[in-house]
file entry_37.cif (mmCIF, C-alpha atoms and all ligand atoms)
data_protein
loop_
_atom_site.label_atom_id
_atom_site.label_comp_id
_atom_site.auth_asym_id
_atom_site.auth_seq_id
_atom_site.Cartn_x
_atom_site.Cartn_y
_atom_site.Cartn_z
CA MET A 1 11.02 102.22 14.53
CA THR A 2 8.93 105.33 14.80
CA THR A 3 7.92 107.69 17.59
CA LEU A 4 5.72 106.12 20.25
CA CYS A 5 2.78 108.35 21.11
CA PHE A 6 0.57 108.06 24.19
CA ARG A 7 -3.00 109.33 24.12
CA HIS A 8 -6.24 108.47 25.98
CA SER A 9 -9.89 109.46 25.74
CA ALA A 10 -9.77 110.19 29.50
CA PHE A 11 -7.68 113.29 28.78
CA ALA A 12 -10.91 114.83 27.45
CA GLY A 13 -12.55 114.05 30.80
CA HIS A 14 -10.54 116.81 32.46
CA VAL A 15 -12.94 119.68 31.85
CA THR A 16 -12.25 123.31 32.76
CA PRO A 17 -14.73 126.19 33.12
CA ALA A 18 -15.87 128.02 29.95
CA GLY A 19 -13.25 130.45 28.69
CA HIS A 20 -10.36 128.68 30.45
CA PRO A 21 -7.35 128.52 28.08
CA GLU A 22 -6.39 124.96 29.13
CA GLN A 23 -9.46 123.49 27.44
CA VAL A 24 -10.55 120.10 26.08
CA ALA A 25 -10.39 121.50 22.51
CA ARG A 26 -6.60 121.52 22.77
CA LEU A 27 -6.67 117.74 22.30
CA ALA A 28 -8.29 118.01 18.87
CA ALA A 29 -5.66 120.59 17.89
CA VAL A 30 -2.93 118.17 18.96
CA ASP A 31 -4.64 115.24 17.21
CA ALA A 32 -4.82 117.26 13.98
CA ALA A 33 -1.02 117.52 14.10
CA LEU A 34 -0.46 113.86 14.97
CA ALA A 35 -2.83 112.64 12.23
CA GLY A 36 -0.38 113.80 9.56
CA LEU A 37 2.49 111.75 11.00
CA ASP A 38 3.40 108.07 10.92
CA LEU A 39 3.40 107.25 14.65
CA ARG A 40 2.79 104.24 16.86
CA PHE A 41 -0.09 105.00 19.23
CA GLU A 42 -0.76 103.46 22.63
CA ASP A 43 -3.30 104.22 25.34
CA ALA A 44 -1.76 105.94 28.35
CA PRO A 45 -2.13 103.56 31.33
CA LEU A 46 -3.29 104.62 34.78
CA ALA A 47 -0.33 105.28 37.04
CA ALA A 48 -0.26 103.52 40.40
CA ASP A 49 -0.32 105.75 43.47
CA ALA A 50 3.29 104.70 44.09
CA GLU A 51 4.41 106.53 40.94
CA VAL A 52 2.80 109.80 42.03
CA LEU A 53 4.29 109.31 45.51
CA ARG A 54 7.77 109.47 43.98
CA CYS A 55 7.28 113.26 44.03
CA HIS A 56 4.21 114.12 46.12
CA PRO A 57 3.31 113.16 49.72
CA GLN A 58 0.33 110.90 50.49
CA ALA A 59 -1.38 113.84 52.24
CA TYR A 60 -1.42 115.80 48.96
CA LEU A 61 -2.95 112.87 47.09
CA ASP A 62 -5.54 112.48 49.86
CA ARG A 63 -6.33 116.20 49.70
CA LEU A 64 -6.90 116.13 45.92
CA ARG A 65 -9.10 113.03 46.18
CA ALA A 66 -11.14 114.67 48.93
CA ALA A 67 -11.54 117.81 46.77
CA ALA A 68 -12.64 115.94 43.61
CA PRO A 69 -16.24 116.91 42.75
CA THR A 70 -19.06 114.52 41.82
CA SER A 71 -20.40 117.16 39.42
CA GLY A 72 -19.27 120.58 38.24
CA PHE A 73 -15.92 121.96 39.34
CA ALA A 74 -13.77 122.23 42.42
CA GLN A 75 -11.23 125.04 42.42
CA VAL A 76 -7.88 124.00 43.93
CA ASP A 77 -5.83 127.10 42.99
CA GLY A 78 -6.43 130.51 41.41
CA ASP A 79 -6.58 129.01 37.94
CA THR A 80 -6.59 125.22 38.55
CA TYR A 81 -9.81 123.22 38.64
CA LEU A 82 -10.90 119.63 39.18
CA SER A 83 -13.81 118.20 37.21
CA VAL A 84 -15.24 114.70 37.65
CA GLY A 85 -12.66 113.20 35.28
CA SER A 86 -9.63 115.27 36.26
CA LEU A 87 -7.91 112.82 38.56
CA GLU A 88 -8.17 109.95 36.07
CA ALA A 89 -6.69 112.23 33.40
CA ALA A 90 -3.87 113.33 35.72
CA PHE A 91 -3.10 109.72 36.71
CA ARG A 92 -3.05 108.71 33.02
CA ALA A 93 -0.77 111.63 32.18
CA VAL A 94 1.68 110.27 34.77
CA GLY A 95 1.09 106.72 33.53
CA GLY A 96 1.77 107.74 29.92
CA ALA A 97 4.96 109.57 30.82
CA CYS A 98 6.22 106.62 32.88
CA ALA A 99 5.31 104.11 30.13
CA ALA A 100 7.11 106.32 27.62
CA VAL A 101 10.23 106.27 29.80
CA ASP A 102 9.95 102.48 30.15
CA ALA A 103 9.69 101.99 26.36
CA VAL A 104 12.53 104.35 25.50
CA VAL A 105 14.85 102.98 28.20
CA ALA A 106 14.05 99.41 27.07
CA GLY A 107 14.78 100.38 23.46
CA SER A 108 11.37 99.43 22.06
CA ALA A 109 11.07 103.05 20.90
CA ARG A 110 13.84 105.57 20.26
CA ASN A 111 11.69 108.49 21.33
CA ALA A 112 8.15 109.15 22.54
CA PHE A 113 5.56 111.92 22.84
CA VAL A 114 2.87 112.00 25.53
CA ALA A 115 -0.17 113.97 24.35
CA ALA A 116 -1.66 114.39 27.81
CA ARG A 117 -3.54 117.00 29.75
CA PRO A 118 -3.66 118.38 32.38
CA PRO A 119 -0.09 119.68 32.05
CA GLY A 120 2.32 119.13 34.95
CA HIS A 121 5.31 121.43 35.24
CA HIS A 122 3.79 123.98 37.66
CA ALA A 123 2.65 121.42 40.28
CA GLU A 124 4.88 121.69 43.35
CA THR A 125 5.38 119.10 46.09
CA GLU A 126 2.13 119.89 47.93
CA THR A 127 0.57 122.53 45.67
CA ALA A 128 -1.58 122.29 42.55
CA MET A 129 -1.08 125.41 40.46
CA GLY A 130 -0.99 126.83 36.94
CA PHE A 131 -3.48 124.28 35.48
CA CYS A 132 -1.27 121.41 36.85
CA LEU A 133 -2.09 118.69 39.41
CA PHE A 134 0.89 116.31 39.39
CA GLY A 135 4.50 116.95 38.40
CA THR A 136 4.21 114.52 35.52
CA LEU A 137 7.65 114.98 33.99
CA ALA A 138 9.48 115.09 37.34
CA ILE A 139 7.76 111.84 38.31
CA ALA A 140 8.86 110.25 35.02
CA ALA A 141 12.40 111.47 35.75
CA LYS A 142 12.34 109.86 39.19
CA ARG A 143 11.10 106.62 37.64
CA ALA A 144 13.97 106.63 35.14
CA LEU A 145 16.48 107.21 37.95
CA ASP A 146 15.06 105.08 40.77
CA HIS A 147 13.28 102.27 38.91
CA HIS A 148 15.54 101.92 35.85
CA GLY A 149 18.73 102.94 37.64
CA LEU A 150 19.87 105.62 35.23
CA SER A 151 22.75 107.68 36.56
CA ARG A 152 22.00 111.00 34.88
CA LEU A 153 19.24 112.58 32.82
CA ALA A 154 18.56 116.03 31.46
CA ILE A 155 15.25 117.86 31.22
CA VAL A 156 14.56 120.63 28.72
CA ASP A 157 11.47 122.70 29.59
CA PHE A 158 10.71 125.10 26.71
CA ASP A 159 7.20 126.05 27.82
CA VAL A 160 6.96 129.85 27.90
CA HIS A 161 6.33 129.73 31.66
CA HIS A 162 9.01 128.73 34.16
CA GLY A 163 8.74 125.08 35.23
CA ASN A 164 8.62 125.99 38.92
CA GLY A 165 7.04 122.67 39.87
CA SER A 166 9.68 120.53 38.15
CA GLN A 167 12.34 122.75 39.70
CA ASP A 168 10.79 122.32 43.15
CA LEU A 169 10.41 118.53 42.80
CA LEU A 170 13.97 118.07 41.49
CA TRP A 171 15.71 120.77 43.57
CA HIS A 172 17.62 118.16 45.64
CA GLU A 173 18.12 115.61 42.82
CA PRO A 174 21.77 115.64 41.66
CA ARG A 175 21.10 113.09 38.90
CA ALA A 176 18.65 115.38 37.05
CA LEU A 177 19.88 118.44 35.16
CA PHE A 178 16.80 120.67 34.86
CA CYS A 179 17.02 123.35 32.14
CA SER A 180 14.15 125.79 31.62
CA SER A 181 13.76 128.65 29.16
CA HIS A 182 10.88 131.00 29.85
CA GLN A 183 9.62 134.53 29.40
CA MET A 184 10.46 136.79 32.34
CA PRO A 185 8.73 138.64 33.87
CA LEU A 186 5.74 136.31 33.56
CA TYR A 187 3.77 133.80 35.64
CA PRO A 188 4.81 132.14 37.97
CA GLY A 189 7.63 134.64 38.63
CA SER A 190 10.41 132.16 39.45
CA GLY A 191 13.23 130.99 37.15
CA ARG A 192 15.99 133.52 37.71
CA PRO A 193 19.50 132.46 36.68
CA ARG A 194 20.62 132.45 40.33
CA GLU A 195 18.18 129.61 41.16
CA PHE A 196 20.80 126.86 40.87
CA GLY A 197 19.33 123.91 42.79
CA ALA A 198 20.93 122.16 45.76
CA HIS A 199 23.67 120.68 43.55
CA GLY A 200 24.04 123.39 40.92
CA GLN A 201 22.02 121.19 38.57
CA ILE A 202 19.28 123.70 37.67
CA VAL A 203 19.77 126.00 34.69
CA ASN A 204 17.36 128.88 34.12
CA LEU A 205 17.33 130.90 30.90
CA PRO A 206 14.96 133.88 31.15
CA LEU A 207 13.98 135.49 27.84
CA ARG A 208 12.48 138.95 27.31
CA ASP A 209 8.99 139.67 26.02
CA GLY A 210 9.14 139.94 22.22
CA SER A 211 12.68 138.57 22.00
CA GLY A 212 11.82 136.04 19.24
CA GLY A 213 13.27 132.76 18.01
CA GLY A 214 16.72 134.20 17.32
CA SER A 215 17.28 135.06 20.99
CA MET A 216 16.02 131.65 22.00
CA ARG A 217 18.47 129.89 19.65
CA ALA A 218 21.41 131.99 20.85
CA GLY A 219 20.46 131.42 24.49
CA TYR A 220 20.22 127.66 24.12
CA GLU A 221 23.55 127.49 22.26
CA ALA A 222 25.28 129.66 24.86
CA VAL A 223 23.70 128.49 28.12
CA ILE A 224 21.70 125.26 27.94
CA PHE A 225 23.28 122.96 25.32
CA PRO A 226 26.82 123.20 26.77
CA ARG A 227 25.48 122.26 30.21
CA ILE A 228 23.67 119.24 28.77
CA ALA A 229 26.79 118.15 26.87
CA ALA A 230 28.91 118.49 30.03
CA PHE A 231 26.34 116.48 32.02
CA ARG A 232 26.36 113.56 29.52
CA PRO A 233 22.73 112.47 30.13
CA GLU A 234 21.54 108.91 29.57
CA LEU A 235 18.04 110.17 28.68
CA ILE A 236 16.56 113.56 27.74
CA LEU A 237 13.07 114.49 28.91
CA VAL A 238 11.22 117.42 27.38
CA SER A 239 8.47 119.59 28.90
CA ALA A 240 6.99 120.54 25.54
CA GLY A 241 4.87 123.64 25.97
CA PHE A 242 4.04 125.56 22.82
CA ASP A 243 2.87 128.82 24.40
CA ALA A 244 6.03 130.64 23.28
CA HIS A 245 4.42 130.73 19.80
CA ALA A 246 3.79 134.23 18.44
CA ASP A 247 0.02 133.64 18.29
CA ASP A 248 -0.33 132.40 21.86
CA PRO A 249 -2.66 134.58 23.98
CA LEU A 250 -0.80 134.07 27.29
CA ALA A 251 2.71 135.25 26.43
CA GLY A 252 4.87 137.19 24.01
CA LEU A 253 8.09 135.35 23.09
CA GLU A 254 7.13 135.40 19.39
CA TRP A 255 8.50 131.99 18.38
CA GLN A 256 7.33 130.31 15.17
CA ALA A 257 6.69 126.62 14.47
CA GLU A 258 10.13 126.36 12.83
CA ASP A 259 11.73 127.47 16.09
CA PHE A 260 10.19 124.45 17.82
CA ALA A 261 11.48 122.26 14.97
CA TRP A 262 15.00 123.71 15.34
CA LEU A 263 14.99 123.21 19.10
CA THR A 264 13.79 119.62 18.70
CA GLN A 265 16.53 118.88 16.14
CA ARG A 266 19.19 120.20 18.52
CA ILE A 267 17.77 118.20 21.44
CA CYS A 268 17.83 115.08 19.23
CA ASP A 269 21.44 115.88 18.22
CA LEU A 270 22.43 115.85 21.89
CA ALA A 271 20.44 112.68 22.49
CA ASP A 272 22.19 111.00 19.55
CA THR A 273 25.58 112.00 20.91
CA PHE A 274 25.03 110.96 24.52
CA CYS A 275 22.12 108.54 24.86
CA HIS A 276 21.29 106.61 21.69
CA GLY A 277 18.68 109.18 20.69
CA ARG A 278 16.52 108.59 23.77
CA VAL A 279 14.00 111.45 24.13
CA VAL A 280 10.68 111.46 26.00
CA SER A 281 8.56 114.56 25.41
CA CYS A 282 5.39 115.49 27.31
CA LEU A 283 2.86 118.12 26.29
CA GLU A 284 2.62 121.11 28.61
CA GLY A 285 1.06 124.43 27.47
CA GLY A 286 0.03 125.95 24.13
CA TYR A 287 -3.26 127.83 24.00
CA ASP A 288 -3.81 129.18 20.49
CA LEU A 289 -5.33 126.17 18.78
CA PRO A 290 -4.00 126.62 15.19
CA ALA A 291 -0.55 127.53 16.57
CA LEU A 292 -0.69 124.45 18.79
CA THR A 293 -1.41 122.25 15.75
CA ALA A 294 1.45 123.78 13.75
CA SER A 295 3.89 123.61 16.66
CA VAL A 296 3.10 120.02 17.67
CA ALA A 297 3.40 118.99 14.00
CA ALA A 298 6.84 120.63 13.88
CA HIS A 299 8.04 119.11 17.19
CA VAL A 300 6.70 115.58 16.77
CA GLY A 301 7.53 115.64 13.04
CA VAL A 302 11.20 116.03 13.97
CA LEU A 303 10.94 113.32 16.64
CA GLN A 304 9.45 110.99 14.03
CA GLU A 305 12.21 111.78 11.49
CA ARG A 306 14.87 111.18 14.13
CA SER A 307 13.29 107.97 15.50
CA ARG A 308 14.41 105.72 12.64
ZN ZN B 401 2.99 127.57 29.83
#
call {"tool": "encode", "arguments": {"input": "entry_37.cif", "output": "C-alpha cells"}}
result
Amino acid sequence: MTTLCFRHSAFAGHVTPAGHPEQVARLAAVDAALAGLDLRFEDAPLAADAEVLRCHPQAYLDRLRAAAPTSGFAQVDGDTYLSVGSLEAAFRAVGGACAAVDAVVAGSARNAFVAARPPGHHAETETAMGFCLFGTLAIAAKRALDHHGLSRLAIVDFDVHHGNGSQDLLWHEPRALFCSSHQMPLYPGSGRPREFGAHGQIVNLPLRDGSGGGSMRAGYEAVIFPRIAAFRPELILVSAGFDAHADDPLAGLEWQAEDFAWLTQRICDLADTFCHGRVVSCLEGGYDLPALTASVAAHVGVLQERSR
C-alpha cells in the first residue's frame, strides 16, 4: 500500500483577489512536492449537502449559495472571498476529506493526504473566516464518528494559526480530542490553554513568535502526545498547515521542513500504537511557495514511508 492522495482540478477554480496569500499557485507548489513521491491519486468527489450539514446549519449553506458570484468576487469575511468556482472547490475539499476517512477506516489505504483548497480550520458553525468556508476536517471527524461508528479520534492541528473553527465545531464532541499548536499572539486570537472544550477534550499549545522547532518538539512531547496516548484514538486526523515554516510571510514560528517530518513521524508512531497507522491529513495553510513545496514533501514523504 501507499499513501492515498486526493486532488481535483476544481481546487484551482477557487480564485482569490490579486495579492491574496491563499492563491491558486499554492496548488502547483503542492503538486511539485507530490510529483516526487510514489502515491495513489484519486479525484476528490463532491460532498453531499448532508456531509456539510454534519457541522453547519442549512441557513449557513443557503447564505453562502446566495452570496456566490456569477463573475468576480464576493467578500464573505475580512479576508475570505467567493469566486465562481469556490463552492465547488469547498464541497470537493469536504468530499476528499470524507473519502479519505472512508478509505482509511475501510483499510484500503493506511493513510491519506487531501491536497485541497480552500482550507477549513477557521470556519465556525455559521461564520466563514480566515480563507475558510467549511470546517472540512471537523466534518470528516463527524463522519468517522457518526457514519463509521468510531468511538474516539484525535486531531492534530499544526497550522501556525489556531484552529478556532475546528474547536468551535467540536467543542461539545466528547469523542474527538482536538489538539492545536499555534503561534500566540496571532490571528485569530483564540487558542489559550484554558480553552478546554465542554468535556475537557480540547488541548491548546500556544507557541511564542520565533520559538523555533525545538520548542515545538518539546511542547508536543510534554503536552500533546501524552494526551493522545491517554485518549487511545481509533483514527488520527491532521490539519496540515505549513505556515509555521521560517520563510512563511504570515507568521514567525521559524520551523524548518525537517520539523514537519519529525512531527509527522511522531504522529505516525502514535497511530501505529493505537490505530493500525490510520492517519488522514488535510492541507490547511502555507503561503511561501518554495517552503510549501519543501514542507509538503517532508510531511507526505513520511506518510508514504509509513504507509507500507
Ligand atoms: Zn494558518
call {"tool": "residues_near_ligand", "arguments": {"input": "entry_37.cif", "ligand": "ligand ZN 401 (chain B)", "cutoff": "7 Å", "atoms": "all atoms listed in the file", "output": "MDAnalysis selection string"}}
result
chainID A and resid 159:161 241 243 284:286
call {"tool": "residues_near_point", "arguments": {"input": "entry_37.cif", "point": "(-12.9, 119.6, 22.8)", "cutoff": "12 Å", "atoms": "only C-alpha atoms", "output": "ChimeraX atom specification"}}
result
/A:9-16,18,21-31,117,289
call {"tool": "residues_around", "arguments": {"input": "entry_37.cif", "residues": "Ala33 in chain A", "least_positions_apart": "2", "cutoff": "8 Å", "atoms": "all atoms listed in the file", "output": "list in words"}}
result
Ala29, Val30, Asp31, Ala35, Gly36, Leu37, Thr293, Ala294, Val296 and Ala297 of chain A
call {"tool": "residues_near_point", "arguments": {"input": "entry_37.cif", "point": "(24.5, 115.0, 26.2)", "cutoff": "9 Å", "atoms": "only C-alpha atoms", "output": "PyMOL selection string"}}
result
chain A and resi 153-154+225-236+267+269-275
call {"tool": "atom_distance", "arguments": {"input": "entry_37.cif", "atom1": "CA of Ser281 in chain A", "atom2": "CA of Asn111 in chain A"}}
result
8.0 Å
call {"tool": "atom_distance", "arguments": {"input": "entry_37.cif", "atom1": "CA of Arg92 in chain A", "atom2": "CA of Pro119 in chain A"}}
result
11.4 Å
call {"tool": "closest_residue", "arguments": {"input": "entry_37.cif", "among": "A:Pro57, A:Gly96, A:Gly120, A:Gly212", "to": "His8 in chain A", "atoms": "all atoms listed in the file"}}
result
A:Gly96
call {"tool": "closest_residue", "arguments": {"input": "entry_37.cif", "among": "A:Gln75, A:Ala115, A:Asp102, A:Leu82", "to": "Leu150 in chain A", "atoms": "all atoms listed in the file"}}
result
A:Asp102
call {"tool": "closest_residue", "arguments": {"input": "entry_37.cif", "among": "A:Asn164, A:Ser215, A:Thr136, A:Gln58", "to": "Cys98 in chain A", "atoms": "all atoms listed in the file"}}
result
A:Thr136
call {"tool": "residues_around", "arguments": {"input": "entry_37.cif", "residues": "Ser239 in chain A", "least_positions_apart": "3", "cutoff": "8 Å", "atoms": "all atoms listed in the file", "output": "PyMOL selection string"}}
result
chain A and resi 121+137+155-159+281-284
call {"tool": "write_last_selection", "arguments": {"input": "entry_37.cif", "atoms": "C-alpha atoms", "output": "compact mmCIF listing (two decimals), keeping the file's coordinate frame"}}
result
# COMPACT_ATOMS: atom_id res chain seq x y z
CA HIS A 121 5.31 121.43 35.24
CA LEU A 137 7.65 114.98 33.99
CA ILE A 155 15.25 117.86 31.22
CA VAL A 156 14.56 120.63 28.72
CA ASP A 157 11.47 122.70 29.59
CA PHE A 158 10.71 125.10 26.71
CA ASP A 159 7.20 126.05 27.82
CA SER A 281 8.56 114.56 25.41
CA CYS A 282 5.39 115.49 27.31
CA LEU A 283 2.86 118.12 26.29
CA GLU A 284 2.62 121.11 28.61
call {"tool": "residues_around", "arguments": {"input": "entry_37.cif", "residues": "Leu253 in chain A", "least_positions_apart": "6", "cutoff": "9 Å", "atoms": "all atoms listed in the file", "output": "PyMOL selection string"}}
result
chain A and resi 160+182-183+207-213+216+243-246
call {"tool": "closest_residue", "arguments": {"input": "entry_37.cif", "among": "A:His199, A:Arg152, A:His56, A:Arg194", "to": "Ala128 in chain A", "atoms": "only C-alpha atoms"}}
result
A:His56
call {"tool": "atom_distance", "arguments": {"input": "entry_37.cif", "atom1": "CA of Leu61 in chain A", "atom2": "CA of Ala140 in chain A"}}
result
17.1 Å
call {"tool": "closest_residue", "arguments": {"input": "entry_37.cif", "among": "A:Ala257, A:Ala106, A:Leu205, A:Cys55", "to": "Trp171 in chain A", "atoms": "all atoms listed in the file"}}
result
A:Cys55
